[in-house]
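Novice: Take this structure, written in structure tokens, and hold onto it; I'll ask about it next.
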Amino acid sequence: MTLRLHHYLAILPVFLLLGAAIAGLSAFLEYQETLENLQEEFALASQFSNLWAAEEKPPETFGNYLLGSSEERLEELSELLWLRAFWFVFSAFLAGLFLCEILVRINRRELAVLNRAADQLLQDQRVELSSRELIKEYADLGTTFSTLSQILQDNSEQTRCRLLQHEKKY
Amino acid sequence: MKPSLRTLILFLLVPVLFLLIGLQAWYVHNALERSILDGFDRKLLSVGSATARLIDGDLHERRQALPTEVDWQGDDFTEYFDSEDPYFIDHREILNELREATGLTYLYTQIHLGEDQIFYFLDGSPEEEWTVPGTRDTLPEGSTTAIRDVQAFGSSWVTGILDWDVWGLVKAGYYPLRNSDGDTVAMVGADVNVSIIQQKTRRALFAILFLGVPTLCLALVVVFRIASALTKPIEQIRYAALSLAAGTPPDEPLKTGVREVRQLAQKLTLLQDKVSRQQREALAMEVRLQKVRRNPHGIGSNGEVKKACAEKADSSPVSSLDPLFFLNATPPFSRLPAMQLLILSQAVTQRSYPAGKVLCPAGYVPEYLFIPYKGSVVGTEGKPIAGFPGAASILSGQPNQETMETGPSGCHLLLLRRGKFLTLVEERPDLFHDLQGLSNNPST
């Protein structure tokens with residue numbers, strides 16, 4: 001698994017979940033609000049029904065404000081909420097993607113420095129790391145590599161010197 | 001102080017999460033507020049229209065009429081109406097019931113006097129808060145146009161949030177009250193206190209913000225997971241490197257993480273192998289040297305070592321030869337002290353050439369001092385050049401008299417750059433005489 005895939009799998013679900021949760025909660029609240037309004041309006045209509053019973057018909061305005069548009073309102077709201085849910089989830093996805101890329105870049109840069117240091121160790125070169133590493137764990141490993149490089153070189157020279165000194169005495 | 005990986009991820013993840021929650025909560029809050037206000041708008045107008053139908057417009061018109069000698073400059077017109085009249089009491093009860101049933105704050109009728117002046121007529125407030133008929137009031141900014149439109153054109157109107165001195169922050173809906181001729185004689189006012197709207201929107205906002213708590217917990221879990229997946233292998237690699245530095249290579253293979261960390265672990269494994277190999281080689285070298293020393297019939301330790309090195313050159317890649325021991329066994333370099341010899345062994349380069357390879361054409365000063373340890377270097381007529389080919393030319397600064405090339409069986413050489421060779425000679429002039437002698441005397 002690559003570093004990028006690992007970050008995507010760890011971070012993106014959280015953001016997607018968050019976007020979906022907020023979209024779901026907002027949809028629930030708004031739908032509930034609209035339903036409450038409609039219920040109130042129906043209750044109001046029934047309260048006034050006696051009044052209209054004596055009349056030929058309820059006033060036009062009353063019908064417009066209340067009962068006439070309830071189905072359309074719910075349909076419109078439903079469409080609006082789906083669209084909003086899409087944008088919420090999409091924006092959450094983009095935010096997660098942005099964060100993942102930042103983390104991947106930082107980690108990759110640090111790991112590349114360490115990989116170069118490991119290559120230098122393999123080629124018997126002295127590892128000299130700059131102190132530009134941002135993260136403690138990587139900086140610690142870098143320092144360990146530097147120390148290891150120094151110890152290995154010293155050991156190698158000491159072994160050769162020791163053998164040579166013996167040879168000289170002989 | 002450098003932050004740990006966990007801290008870094010936390011510092012990046014949490015603000016982004018909260019920014020996202022904040023922006024989406026703000027958007028949801030606005031949308032819900034619009035929805036709630038829309039609900040109140042509909043309610044205000046529908047209750048207003050229904051109330052207007054409940055009230056007899058003709059009777060209202062007759063009752064609201066002010067006497068001709070009215071004091072227009074006075075504070076109120078309450079003296080012109082009998083608040084104990086059953087007409088007002090009955091309407092107060094009906095409107096109060098309606099107001100309570102619909103959850104509104106105020107329900108009343110009002111008459112526009114012109115400019116920003118009105119007076120209230122019927123009121124549906126409870127008895128203790130009841131506004132007596134004829135109470136004058138000044139319209140707040142933003143509602144004058146609405147009142148004029150309702151009075152003059154008979155249109156309904158819902159205002160924005162109005163700041164009344166007496167009634168506080170309210171949202172009002174106005175609906176015309178008409179007589180039997182269809183003329184607007186007054187208007188029904190239905191108000192809702194903004195605190196009711198704010199309470200609803202605040203509740204919605206808190207519900208959204210409440211998502212922040214589980215989100216933060218989730219973020220912490222994610223941070224822990226990501227950081228662990230990276231730091232555990234990194235820590236393992238570090239401990240392995242420390243063990244290696246302490247001379248005890250770890251037995252356990254490095255557990256792998258993501259590909260980039262795995263590559264690092266593989267390199268460290270290679271390094272472990274290399275260190276082990278070097279240790280084995282050093283040991284083998286020591287054993288070989290000891291064997292050479294113990295040989296009582298040998299032609300001398302230096303000769304044996306040279307022979308061993310040449311045999312090794314035959315069977316192994318050139319890079320596996322240790323030039324240090326070859327030089328130690330080769331006069332006049334063998335007279336150098338250990339540290340100088342070590343430096344010299346690091347300065348030389350090992351090369352292997354096929355037969356007939358031209359090393360330095362005639363008429364040139366060679367770039368290198370050639371130290372053959374297997375095979376030979378020959379001149380133009382195929383005659384082997386003894387000693388160290390190129391030494392005489394480099395030391396004298398004169399161009400080479402004849403072309404130097406490798407012999408018929410090829411040649412393994414140690415190459416020492418001209419500059420380094422001259423430095424060495426300057427430091428050890430006694431070598432100069434020896435090398436002059438070696439170069440001038442081919443039989444040596």
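Note on naming: chains are A, B, ... as they come in the structure tokens, residues start from 1 per chain, ligands start from 1 in the order shown.
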Residues within 8 Å of Asp124 in chain A, please, as a ChimeraX atom specification. Count only C-alpha atoms; anything in the same chain fewer than 3 positions from it doesn't count.

Specialist: /A:120-121,149,153

Novice: Just to be explicit: take each residue in the selection above, keep C-alpha atoms, and write the result as a CSV table (one decimal), in the first residue's frame.

Specialist:
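Result written to again15.csv:
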```csv
chain,number,residue,atom,x,y,z
A,120,GLN,CA,24.6,7.0,1.4
A,121,LEU,CA,25.1,4.5,4.2
A,149,SER,CA,27.3,6.1,9.5
A,153,GLN,CA,33.2,4.2,9.3
```

Novice: Considering only C-alpha atoms, tabulate each residue of chain B that lies at most 6 Å from chain A along with its nearest interatomic pair and the corresponding distance in Å to one decimal; arrange the rows by chain and ascending residue number and present them as JSON lines.

Specialist:
```
{"residue": "B:Lys2", "atom": "CA", "partner": "A:Lys136", "partner_atom": "CA", "distance": 5.2}
{"residue": "B:Pro3", "atom": "CA", "partner": "A:Ile135", "partner_atom": "CA", "distance": 5.5}
{"residue": "B:Ser4", "atom": "CA", "partner": "A:Lys136", "partner_atom": "CA", "distance": 4.8}
{"residue": "B:Leu5", "atom": "CA", "partner": "A:Ile135", "partner_atom": "CA", "distance": 5.8}
{"residue": "B:Leu32", "atom": "CA", "partner": "A:Glu30", "partner_atom": "CA", "distance": 5.9}
{"residue": "B:Gly39", "atom": "CA", "partner": "A:Asn37", "partner_atom": "CA", "distance": 5.7}
{"residue": "B:Arg42", "atom": "CA", "partner": "A:Tyr65", "partner_atom": "CA", "distance": 5.6}
{"residue": "B:Ser46", "atom": "CA", "partner": "A:Phe62", "partner_atom": "CA", "distance": 5.3}
{"residue": "B:Arg238", "atom": "CA", "partner": "A:Leu141", "partner_atom": "CA", "distance": 5.4}
{"residue": "B:Ala245", "atom": "CA", "partner": "A:Leu148", "partner_atom": "CA", "distance": 5.1}
{"residue": "B:Val258", "atom": "CA", "partner": "A:Thr2", "partner_atom": "CA", "distance": 5.3}
{"residue": "B:Arg259", "atom": "CA", "partner": "A:Thr2", "partner_atom": "CA", "distance": 4.9}
{"residue": "B:Leu264", "atom": "CA", "partner": "A:Asn115", "partner_atom": "CA", "distance": 5.7}
{"residue": "B:Leu271", "atom": "CA", "partner": "A:Leu122", "partner_atom": "CA", "distance": 5.8}
```

Novice: Those residues with all heavy atoms, as a compact mmCIF listing (two decimals), in the first residue's frame please?

Specialist:
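Saved the output as part.txt:
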```txt
# COMPACT_ATOMS: atom_id res chain seq x y z
N LYS B 2 10.83 20.15 17.41
CA LYS B 2 10.08 19.62 16.27
C LYS B 2 8.82 18.90 16.75
O LYS B 2 8.87 18.17 17.73
CB LYS B 2 10.95 18.64 15.48
CG LYS B 2 12.10 19.32 14.76
CD LYS B 2 12.88 18.32 13.94
CE LYS B 2 13.89 19.01 13.06
NZ LYS B 2 15.07 19.46 13.74
N PRO B 3 7.70 19.11 16.05
CA PRO B 3 6.47 18.41 16.48
C PRO B 3 6.53 16.94 16.08
O PRO B 3 7.17 16.59 15.09
CB PRO B 3 5.37 19.14 15.71
CG PRO B 3 6.04 19.66 14.50
CD PRO B 3 7.46 19.95 14.87
N SER B 4 5.82 16.11 16.87
CA SER B 4 5.75 14.70 16.48
C SER B 4 4.75 14.56 15.34
O SER B 4 3.99 15.48 15.05
CB SER B 4 5.32 13.85 17.67
OG SER B 4 3.98 14.14 17.97
N LEU B 5 4.77 13.40 14.72
CA LEU B 5 3.88 13.16 13.58
C LEU B 5 2.41 13.29 14.00
O LEU B 5 1.60 13.87 13.28
CB LEU B 5 4.15 11.76 13.03
CG LEU B 5 3.58 11.44 11.66
CD1 LEU B 5 4.11 12.39 10.61
CD2 LEU B 5 3.88 10.02 11.26
N LEU B 32 -31.88 27.14 7.43
CA LEU B 32 -32.96 26.86 8.40
C LEU B 32 -33.67 28.15 8.80
O LEU B 32 -34.89 28.18 8.97
CB LEU B 32 -32.36 26.21 9.64
CG LEU B 32 -32.47 24.70 9.68
CD1 LEU B 32 -31.73 24.17 10.89
CD2 LEU B 32 -33.92 24.26 9.74
N GLY B 39 -41.83 29.98 7.13
CA GLY B 39 -42.97 29.40 7.86
C GLY B 39 -43.74 30.46 8.63
O GLY B 39 -44.98 30.48 8.61
N ARG B 42 -45.75 32.74 6.25
CA ARG B 42 -47.01 32.10 5.84
C ARG B 42 -48.02 32.14 6.97
O ARG B 42 -49.21 32.43 6.76
CB ARG B 42 -46.75 30.64 5.46
CG ARG B 42 -46.02 30.48 4.17
CD ARG B 42 -45.48 29.07 4.01
NE ARG B 42 -44.67 28.96 2.83
CZ ARG B 42 -45.14 28.80 1.59
NH1 ARG B 42 -46.44 28.73 1.40
NH2 ARG B 42 -44.34 28.72 0.56
N SER B 46 -51.54 34.02 6.88
CA SER B 46 -52.76 33.18 6.91
C SER B 46 -53.62 33.50 8.13
O SER B 46 -54.85 33.59 8.03
CB SER B 46 -52.40 31.70 6.89
OG SER B 46 -51.53 31.41 7.95
N ARG B 238 14.49 2.64 13.38
CA ARG B 238 15.44 3.37 14.23
C ARG B 238 16.12 2.43 15.23
O ARG B 238 17.34 2.47 15.41
CB ARG B 238 14.71 4.48 14.98
CG ARG B 238 15.66 5.53 15.55
CD ARG B 238 14.90 6.77 15.93
NE ARG B 238 14.32 6.67 17.23
CZ ARG B 238 14.95 7.00 18.36
NH1 ARG B 238 16.17 7.46 18.31
NH2 ARG B 238 14.36 6.90 19.52
N ALA B 245 24.35 -0.11 15.07
CA ALA B 245 25.43 0.76 15.52
C ALA B 245 26.12 0.19 16.76
O ALA B 245 27.33 0.36 16.96
CB ALA B 245 24.90 2.15 15.81
N VAL B 258 3.80 1.24 5.03
CA VAL B 258 3.47 1.68 3.67
C VAL B 258 4.71 1.53 2.80
O VAL B 258 5.82 1.35 3.31
CB VAL B 258 2.98 3.15 3.67
CG1 VAL B 258 1.67 3.27 4.41
CG2 VAL B 258 4.00 4.08 4.26
N ARG B 259 4.50 1.58 1.48
CA ARG B 259 5.58 1.26 0.55
C ARG B 259 6.84 2.10 0.78
O ARG B 259 7.95 1.59 0.77
CB ARG B 259 5.08 1.48 -0.89
CG ARG B 259 6.02 0.92 -1.93
CD ARG B 259 5.49 1.13 -3.31
NE ARG B 259 5.46 2.54 -3.65
CZ ARG B 259 4.90 3.03 -4.74
NH1 ARG B 259 4.28 2.22 -5.57
NH2 ARG B 259 4.92 4.30 -5.01
N LEU B 264 12.59 2.01 2.86
CA LEU B 264 13.61 2.41 3.84
C LEU B 264 14.06 1.19 4.66
O LEU B 264 15.26 1.00 4.88
CB LEU B 264 13.00 3.47 4.75
CG LEU B 264 13.94 4.33 5.58
CD1 LEU B 264 14.90 5.08 4.67
CD2 LEU B 264 13.16 5.31 6.43
N LEU B 271 21.83 -2.91 4.47
CA LEU B 271 22.96 -2.40 5.24
C LEU B 271 23.40 -3.42 6.29
O LEU B 271 24.60 -3.64 6.50
CB LEU B 271 22.57 -1.08 5.91
CG LEU B 271 23.71 -0.33 6.59
CD1 LEU B 271 24.72 0.16 5.56
CD2 LEU B 271 23.18 0.85 7.39
```

Novice: Pick out the closest residue to Pro399 in chain B from this set: B:Glu426, B:Glu381, B:Glu84, B:Glu367. Count only C-alpha atoms.

Specialist: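 Of all the options, B:Glu367 lies closest to Pro399 in chain B.
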
Novice: Residues within 7 Å of range 184-192 of chain B, please, as a list in words. Count only C-alpha atoms; anything in the same chain fewer than 3 positions from it doesn't count.

Specialist: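 That gives Leu44, Gly48, Ala52, Glu61, Leu104, Thr105, Tyr106, Leu107, Tyr108, Thr109, Gln110, Ile111, Gln151, Gly154, Val170, Lys171, Ala172, Gly173, Tyr174, Tyr175, Pro176, Leu177, Arg178 and Asn179 of chain B.
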
Novice: Please identify which residues in range 110-279 of chain B DSSP calls alpha helix (DSSP H) from the backbone, and express them as an NGL selection string.

Specialist: :B and (144-153 or 194-209 or 212-245 or 259-279)

Novice: As an mmCIF file with all heavy atoms, in the first residue's frame, please: the residues near Thr248 in chain B (cut-off 12 Å, only C-alpha atoms, same-chain neighbours under 5 positions excluded).

Specialist:
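Result file follows (around.cif):
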```cif
data_model
loop_
_atom_site.group_PDB
_atom_site.id
_atom_site.type_symbol
_atom_site.label_atom_id
_atom_site.label_comp_id
_atom_site.auth_asym_id
_atom_site.auth_seq_id
_atom_site.Cartn_x
_atom_site.Cartn_y
_atom_site.Cartn_z
ATOM 1 N N TYR B 239 15.305 1.567 15.855
ATOM 2 C CA TYR B 239 15.894 0.624 16.823
ATOM 3 C C TYR B 239 16.836 -0.352 16.124
ATOM 4 O O TYR B 239 17.886 -0.713 16.675
ATOM 5 C CB TYR B 239 14.796 -0.117 17.586
ATOM 6 C CG TYR B 239 14.188 0.742 18.667
ATOM 7 C CD1 TYR B 239 12.827 1.005 18.684
ATOM 8 C CD2 TYR B 239 14.984 1.314 19.671
ATOM 9 C CE1 TYR B 239 12.265 1.830 19.655
ATOM 10 C CE2 TYR B 239 14.434 2.128 20.653
ATOM 11 C CZ TYR B 239 13.076 2.387 20.641
ATOM 12 O OH TYR B 239 12.536 3.197 21.586
ATOM 13 N N ALA B 240 16.451 -0.753 14.909
ATOM 14 C CA ALA B 240 17.330 -1.655 14.149
ATOM 15 C C ALA B 240 18.653 -0.971 13.854
ATOM 16 O O ALA B 240 19.727 -1.568 13.971
ATOM 17 C CB ALA B 240 16.636 -2.067 12.854
ATOM 18 N N ALA B 241 18.573 0.331 13.470
ATOM 19 C CA ALA B 241 19.795 1.089 13.161
ATOM 20 C C ALA B 241 20.650 1.246 14.411
ATOM 21 O O ALA B 241 21.887 1.126 14.355
ATOM 22 C CB ALA B 241 19.430 2.454 12.596
ATOM 23 N N LEU B 242 19.978 1.500 15.542
ATOM 24 C CA LEU B 242 20.727 1.653 16.801
ATOM 25 C C LEU B 242 21.406 0.332 17.189
ATOM 26 O O LEU B 242 22.559 0.325 17.637
ATOM 27 C CB LEU B 242 19.779 2.107 17.926
ATOM 28 C CG LEU B 242 19.357 3.581 17.882
ATOM 29 C CD1 LEU B 242 18.280 3.858 18.910
ATOM 30 C CD2 LEU B 242 20.562 4.490 18.128
ATOM 31 N N SER B 243 20.671 -0.778 16.994
ATOM 32 C CA SER B 243 21.243 -2.090 17.300
ATOM 33 C C SER B 243 22.459 -2.356 16.426
ATOM 34 O O SER B 243 23.486 -2.868 16.890
ATOM 35 C CB SER B 243 20.216 -3.200 17.056
ATOM 36 O OG SER B 243 19.070 -2.952 17.784
ATOM 37 N N GLN B 272 22.407 -4.043 6.934
ATOM 38 C CA GLN B 272 22.722 -5.093 7.914
ATOM 39 C C GLN B 272 23.546 -6.194 7.256
ATOM 40 O O GLN B 272 24.559 -6.643 7.788
ATOM 41 C CB GLN B 272 21.428 -5.716 8.455
ATOM 42 C CG GLN B 272 20.735 -4.860 9.488
ATOM 43 C CD GLN B 272 19.398 -5.461 9.892
ATOM 44 O OE1 GLN B 272 19.142 -6.619 9.644
ATOM 45 N NE2 GLN B 272 18.564 -4.655 10.506
ATOM 46 N N VAL B 275 27.067 -4.969 6.531
ATOM 47 C CA VAL B 275 27.906 -4.905 7.737
ATOM 48 C C VAL B 275 28.342 -6.314 8.139
ATOM 49 O O VAL B 275 29.508 -6.547 8.464
ATOM 50 C CB VAL B 275 27.137 -4.204 8.881
ATOM 51 C CG1 VAL B 275 27.879 -4.358 10.202
ATOM 52 C CG2 VAL B 275 26.961 -2.734 8.565
ATOM 53 N N SER B 276 27.398 -7.261 8.075
ATOM 54 C CA SER B 276 27.737 -8.653 8.419
ATOM 55 C C SER B 276 28.809 -9.184 7.475
ATOM 56 O O SER B 276 29.762 -9.849 7.903
ATOM 57 C CB SER B 276 26.491 -9.534 8.314
ATOM 58 O OG SER B 276 25.497 -9.040 9.137
ATOM 59 N N GLN B 279 32.112 -7.710 8.284
ATOM 60 C CA GLN B 279 32.677 -8.337 9.488
ATOM 61 C C GLN B 279 33.286 -9.686 9.141
ATOM 62 O O GLN B 279 34.374 -10.037 9.602
ATOM 63 C CB GLN B 279 31.591 -8.497 10.554
ATOM 64 C CG GLN B 279 31.273 -7.184 11.268
ATOM 65 C CD GLN B 279 30.097 -7.283 12.209
ATOM 66 O OE1 GLN B 279 29.336 -8.258 12.156
ATOM 67 N NE2 GLN B 279 29.936 -6.295 13.044
#
```

Novice: Quote the spacing between CA of Ala227 in chain B and CA of Ala25 in chain B in Å to one decimal place.

Specialist: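 We find that CA of Ala227 in chain B and CA of Ala25 in chain B lie 29.0 Å from each other.
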
Novice: In Å, with one decimal, what is the gap from CA of Pro126 in chain B to CA of Asn96 in chain B?

Specialist: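 Between CA of Pro126 in chain B and CA of Asn96 in chain B the gap is 6.4 Å.
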
Novice: Quick check, in Å to one decimal: how far apart do CA of Gln266 in chain B and CA of Pro233 in chain B lie?

Specialist: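 Interatomic distance, CA of Gln266 in chain B to CA of Pro233 in chain B: 11.6 Å.
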
Novice: I'd like the neighbourhood of range 133-139 of chain B as number ranges by chain, where a residue qualifies if any of its atoms comes within 12 Å (using only C-alpha atoms), though same-chain residues fewer than 3 positions away should be ignored.

Specialist: B: 60, 63-66, 70, 72-85, 87-89, 91-92, 108-124, 130, 142-148, 159, 162-167, 172

Novice: Of the candidates B:Thr423, B:Thr51, B:Thr68, B:Gln263, which shows the shortest atom-to-atom distance to Arg99 in chain B, using only C-alpha atoms?

Specialist: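 For Arg99 in chain B, the nearest of the given residues is B:Thr51.
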